[in-house]
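Undergrad: I'd like to ask you about the structure that follows.
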Amino acid sequence: MRIRHPDEAPAGVVRQAVDWNRHYLTGDTGWDMGRAAPPFESLISHPPSWLQGRRLAALGCGRGHDAARFALAGYRVTGLDFAPLALEEARGLYGAVPGLDFAACDITAPAVDLRGTFELVLEHTCFCALAPQQRPDYVAGVAALLSPGGILFGLWYRFDPPDAEGPPYSLSEARLLELMARGGFDPIHFETPADSHDKRAGRERLCAFRKR
Ligand SMILES: C[S@@+](CC[C@H](N)C(=O)[O-])C[C@H]1O[C@@H](n2cnc3c(N)ncnc32)[C@H](O)[C@@H]1O
């Protein structure tokens, strides 16, 4: 029998590409802010020393607002999502942005041609979209995408007491750090951003992890 970590959210429902695609089909996309997350604007205007590298993958990129913003800032960005309609809408909105492309990818099992090709991987409401029992596969997928020493960074949401409701599924700081350490990542930055979107204020963390 598997022992559950005290901070670990109970298992949830694993959602497939077809389930997420339905959200884009019906316009039920309440998470979408229509622009890059404000803490990413701050990172771009005042890049921290750990934000090193140019090739960036945006996980579960949805309509691509964050991906496009980093591309406009000079990064070479690939937005990854497994919902065909998300990619179609992202390409419609941002297809003309230089240095940006989009690719179909299940981030828990990235295709061989994407492996080891990114120095940076961006998280924003993708982790919380996965059922808690998929989290080790998420970490393994990110490790596969990154080149050695690469950085996983972004916004993790939502830091609420463990519950079975989701997506978005909750997590705890202790559980996130343990999960990343087990997957071969060292924490290099951890803060509660001051400029979160109103709906997420205090419930998300801006983090960075370096792949060992
Ligand atoms: C809550 S939305 C967030 C979209 C975008 N990051 C944003 O903040 O607007 C979660 C996204 O992750 C995608 N997604 C969920 N599970 C995925 C997986 N295993 N592989 C790739 N994309 C996934 C969904 O299709 C959806 O577009």
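We label chains A, B, ... in the order they appear in the structure tokens, count residues from 1 in each chain, and number ligands from 1 in the order shown.
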For Val77 of chain A, list every protein, DNA or RNA residue within 12 Å, evaluated using only C-alpha atoms, and leave out those in the same chain fewer than 3 positions away; present the list as a PyMOL selection string.

TA: chain A and resi 53-59+61+64-74+80+94-95+97-103+117-122

Undergrad: Do you know which residues are within 8 Å of ligand 1 using only C-alpha atoms and all ligand atoms? Can you write them as a ChimeraX atom specification?

TA: /A:15-17,20-21,29,31-34,37,58-66,80-83,86,104-109,123-130,138,167-168

Undergrad: Please run DSSP on the backbone and report, as a PyMOL selection string, all residues within segment 145-183 of chain A that come out as strand (DSSP E or B).

TA: chain A and resi 146-157

Undergrad: Please produce an output containing C-alpha atoms for each residue in the selection, written as a tab-separated table (two decimals), in the first residue's frame.

TA:
chain	number	residue	atom	x	y	z
A	146	LEU	CA	15.78	20.32	-20.12
A	147	SER	CA	19.43	20.22	-21.03
A	148	PRO	CA	21.85	19.47	-18.14
A	149	GLY	CA	21.81	22.28	-15.56
A	150	GLY	CA	18.63	23.69	-17.10
A	151	ILE	CA	16.11	25.75	-15.14
A	152	LEU	CA	12.42	25.09	-14.47
A	153	PHE	CA	10.80	28.32	-13.33
A	154	GLY	CA	7.42	30.00	-13.14
A	155	LEU	CA	4.30	30.26	-11.05
A	156	TRP	CA	2.98	27.33	-9.05
A	157	TYR	CA	-0.68	27.53	-8.01

Undergrad: Write out as a list of chain:residue names the residues lying within 10 Å of Ser42 of chain A, counting only C-alpha atoms and excluding same-chain residues fewer than 5 positions away.

TA: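 Contacts, with the query itself left out: A:Ala37, A:Pro47, A:Pro48, A:Pro193, A:Asp195.
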
Undergrad: Measure the distance from atom CA of Gly141 of chain A to atom CA of Glu178 of chain A in Å and round it to one decimal.

TA: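 Computed distance, atom CA of Gly141 of chain A to atom CA of Glu178 of chain A, equals 16.6 Å.
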
Undergrad: From the DSSP assignment of the backbone, select every residue of segment 45-142 of chain A that is alpha helix (DSSP H), and format the answer as a PyMOL selection string.

TA: chain A and resi 45+65-72+84-94+135-142

Undergrad: Would you write out those residues with N, CA and C atoms, as a PDB file, in the first residue's frame?

TA:
ATOM      1  N   SER A  45      11.574  42.410 -17.052  1.00  0.00           N
ATOM      2  CA  SER A  45      12.167  43.753 -16.926  1.00  0.00           C
ATOM      3  C   SER A  45      13.361  43.768 -15.970  1.00  0.00           C
ATOM      4  N   HIS A  65      -0.107  33.248 -24.220  1.00  0.00           N
ATOM      5  CA  HIS A  65       0.228  34.631 -23.836  1.00  0.00           C
ATOM      6  C   HIS A  65       1.626  34.731 -23.212  1.00  0.00           C
ATOM      7  N   ASP A  66       1.955  33.812 -22.295  1.00  0.00           N
ATOM      8  CA  ASP A  66       3.283  33.865 -21.651  1.00  0.00           C
ATOM      9  C   ASP A  66       4.377  33.537 -22.668  1.00  0.00           C
ATOM     10  N   ALA A  67       4.121  32.512 -23.472  1.00  0.00           N
ATOM     11  CA  ALA A  67       5.112  32.110 -24.482  1.00  0.00           C
ATOM     12  C   ALA A  67       5.438  33.289 -25.394  1.00  0.00           C
ATOM     13  N   ALA A  68       4.404  33.980 -25.853  1.00  0.00           N
ATOM     14  CA  ALA A  68       4.611  35.113 -26.764  1.00  0.00           C
ATOM     15  C   ALA A  68       5.370  36.243 -26.071  1.00  0.00           C
ATOM     16  N   ARG A  69       5.059  36.462 -24.814  1.00  0.00           N
ATOM     17  CA  ARG A  69       5.727  37.564 -24.094  1.00  0.00           C
ATOM     18  C   ARG A  69       7.224  37.297 -23.974  1.00  0.00           C
ATOM     19  N   PHE A  70       7.586  36.049 -23.655  1.00  0.00           N
ATOM     20  CA  PHE A  70       9.017  35.728 -23.541  1.00  0.00           C
ATOM     21  C   PHE A  70       9.680  35.768 -24.927  1.00  0.00           C
ATOM     22  N   ALA A  71       8.969  35.378 -25.966  1.00  0.00           N
ATOM     23  CA  ALA A  71       9.552  35.461 -27.314  1.00  0.00           C
ATOM     24  C   ALA A  71       9.798  36.925 -27.685  1.00  0.00           C
ATOM     25  N   LEU A  72       8.855  37.786 -27.351  1.00  0.00           N
ATOM     26  CA  LEU A  72       9.020  39.215 -27.665  1.00  0.00           C
ATOM     27  C   LEU A  72      10.190  39.818 -26.878  1.00  0.00           C
ATOM     28  N   PRO A  84      -5.432  20.260 -29.088  1.00  0.00           N
ATOM     29  CA  PRO A  84      -5.273  20.827 -30.431  1.00  0.00           C
ATOM     30  C   PRO A  84      -5.862  22.234 -30.568  1.00  0.00           C
ATOM     31  N   LEU A  85      -7.002  22.481 -29.925  1.00  0.00           N
ATOM     32  CA  LEU A  85      -7.620  23.804 -30.082  1.00  0.00           C
ATOM     33  C   LEU A  85      -6.821  24.901 -29.378  1.00  0.00           C
ATOM     34  N   ALA A  86      -6.162  24.560 -28.266  1.00  0.00           N
ATOM     35  CA  ALA A  86      -5.305  25.543 -27.590  1.00  0.00           C
ATOM     36  C   ALA A  86      -4.202  25.974 -28.555  1.00  0.00           C
ATOM     37  N   LEU A  87      -3.589  24.996 -29.222  1.00  0.00           N
ATOM     38  CA  LEU A  87      -2.500  25.301 -30.149  1.00  0.00           C
ATOM     39  C   LEU A  87      -3.018  26.099 -31.342  1.00  0.00           C
ATOM     40  N   GLU A  88      -4.201  25.740 -31.817  1.00  0.00           N
ATOM     41  CA  GLU A  88      -4.771  26.460 -32.962  1.00  0.00           C
ATOM     42  C   GLU A  88      -5.022  27.926 -32.591  1.00  0.00           C
ATOM     43  N   GLU A  89      -5.581  28.141 -31.396  1.00  0.00           N
ATOM     44  CA  GLU A  89      -5.859  29.525 -30.980  1.00  0.00           C
ATOM     45  C   GLU A  89      -4.559  30.283 -30.721  1.00  0.00           C
ATOM     46  N   ALA A  90      -3.569  29.596 -30.125  1.00  0.00           N
ATOM     47  CA  ALA A  90      -2.277  30.248 -29.864  1.00  0.00           C
ATOM     48  C   ALA A  90      -1.629  30.676 -31.177  1.00  0.00           C
ATOM     49  N   ARG A  91      -1.676  29.795 -32.164  1.00  0.00           N
ATOM     50  CA  ARG A  91      -1.071  30.131 -33.463  1.00  0.00           C
ATOM     51  C   ARG A  91      -1.844  31.274 -34.120  1.00  0.00           C
ATOM     52  N   GLY A  92      -3.153  31.291 -33.955  1.00  0.00           N
ATOM     53  CA  GLY A  92      -3.962  32.382 -34.519  1.00  0.00           C
ATOM     54  C   GLY A  92      -3.612  33.719 -33.877  1.00  0.00           C
ATOM     55  N   LEU A  93      -3.373  33.704 -32.574  1.00  0.00           N
ATOM     56  CA  LEU A  93      -3.066  34.958 -31.865  1.00  0.00           C
ATOM     57  C   LEU A  93      -1.625  35.408 -32.091  1.00  0.00           C
ATOM     58  N   TYR A  94      -0.697  34.442 -32.039  1.00  0.00           N
ATOM     59  CA  TYR A  94       0.725  34.813 -31.942  1.00  0.00           C
ATOM     60  C   TYR A  94       1.606  34.179 -33.020  1.00  0.00           C
ATOM     61  N   ARG A 135       2.007  13.991 -10.780  1.00  0.00           N
ATOM     62  CA  ARG A 135       3.090  14.948 -10.542  1.00  0.00           C
ATOM     63  C   ARG A 135       4.490  14.375 -10.757  1.00  0.00           C
ATOM     64  N   PRO A 136       4.766  13.139 -10.315  1.00  0.00           N
ATOM     65  CA  PRO A 136       6.105  12.599 -10.616  1.00  0.00           C
ATOM     66  C   PRO A 136       6.368  12.514 -12.130  1.00  0.00           C
ATOM     67  N   ASP A 137       5.333  12.222 -12.917  1.00  0.00           N
ATOM     68  CA  ASP A 137       5.513  12.161 -14.377  1.00  0.00           C
ATOM     69  C   ASP A 137       5.752  13.555 -14.957  1.00  0.00           C
ATOM     70  N   TYR A 138       5.123  14.557 -14.353  1.00  0.00           N
ATOM     71  CA  TYR A 138       5.381  15.942 -14.773  1.00  0.00           C
ATOM     72  C   TYR A 138       6.862  16.268 -14.553  1.00  0.00           C
ATOM     73  N   VAL A 139       7.380  15.951 -13.364  1.00  0.00           N
ATOM     74  CA  VAL A 139       8.779  16.278 -13.039  1.00  0.00           C
ATOM     75  C   VAL A 139       9.718  15.523 -13.992  1.00  0.00           C
ATOM     76  N   ALA A 140       9.407  14.250 -14.248  1.00  0.00           N
ATOM     77  CA  ALA A 140      10.247  13.465 -15.166  1.00  0.00           C
ATOM     78  C   ALA A 140      10.177  14.046 -16.578  1.00  0.00           C
ATOM     79  N   GLY A 141       8.995  14.497 -16.989  1.00  0.00           N
ATOM     80  CA  GLY A 141       8.830  15.093 -18.323  1.00  0.00           C
ATOM     81  C   GLY A 141       9.639  16.372 -18.466  1.00  0.00           C
ATOM     82  N   VAL A 142       9.609  17.206 -17.426  1.00  0.00           N
ATOM     83  CA  VAL A 142      10.383  18.457 -17.455  1.00  0.00           C
ATOM     84  C   VAL A 142      11.879  18.142 -17.490  1.00  0.00           C
TER      85      VAL A 142
END

Undergrad: Mind pulling up the distance from atom CA of His189 of chain A to atom CA of Cys207 of chain A?

TA: 5.1 Å

Undergrad: Near Gly202 of chain A, counting only C-alpha atoms, which residues have an atom at most 7 Å away, once you skip same-chain residues fewer than 2 positions from it, shown as a list in words?

TA: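 Near Gly202 of chain A, the qualifying residues are Thr192, Arg200 and Glu204 of chain A.
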
Undergrad: Rounded to one decimal in Å, what is the spacing between atom CA of Leu51 of chain A and atom CA of Ser172 of chain A?

TA: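 That distance, rounded to one decimal, is 24.2 Å.
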
Undergrad: Residues within 9 Å of Val14 of chain A, please, as a list in words. Count only C-alpha atoms; anything in the same chain fewer than 6 positions from it doesn't count.

TA: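 The contact residues come out as Leu130, Ala131, Pro132, Gln133 and Gln134 of chain A.
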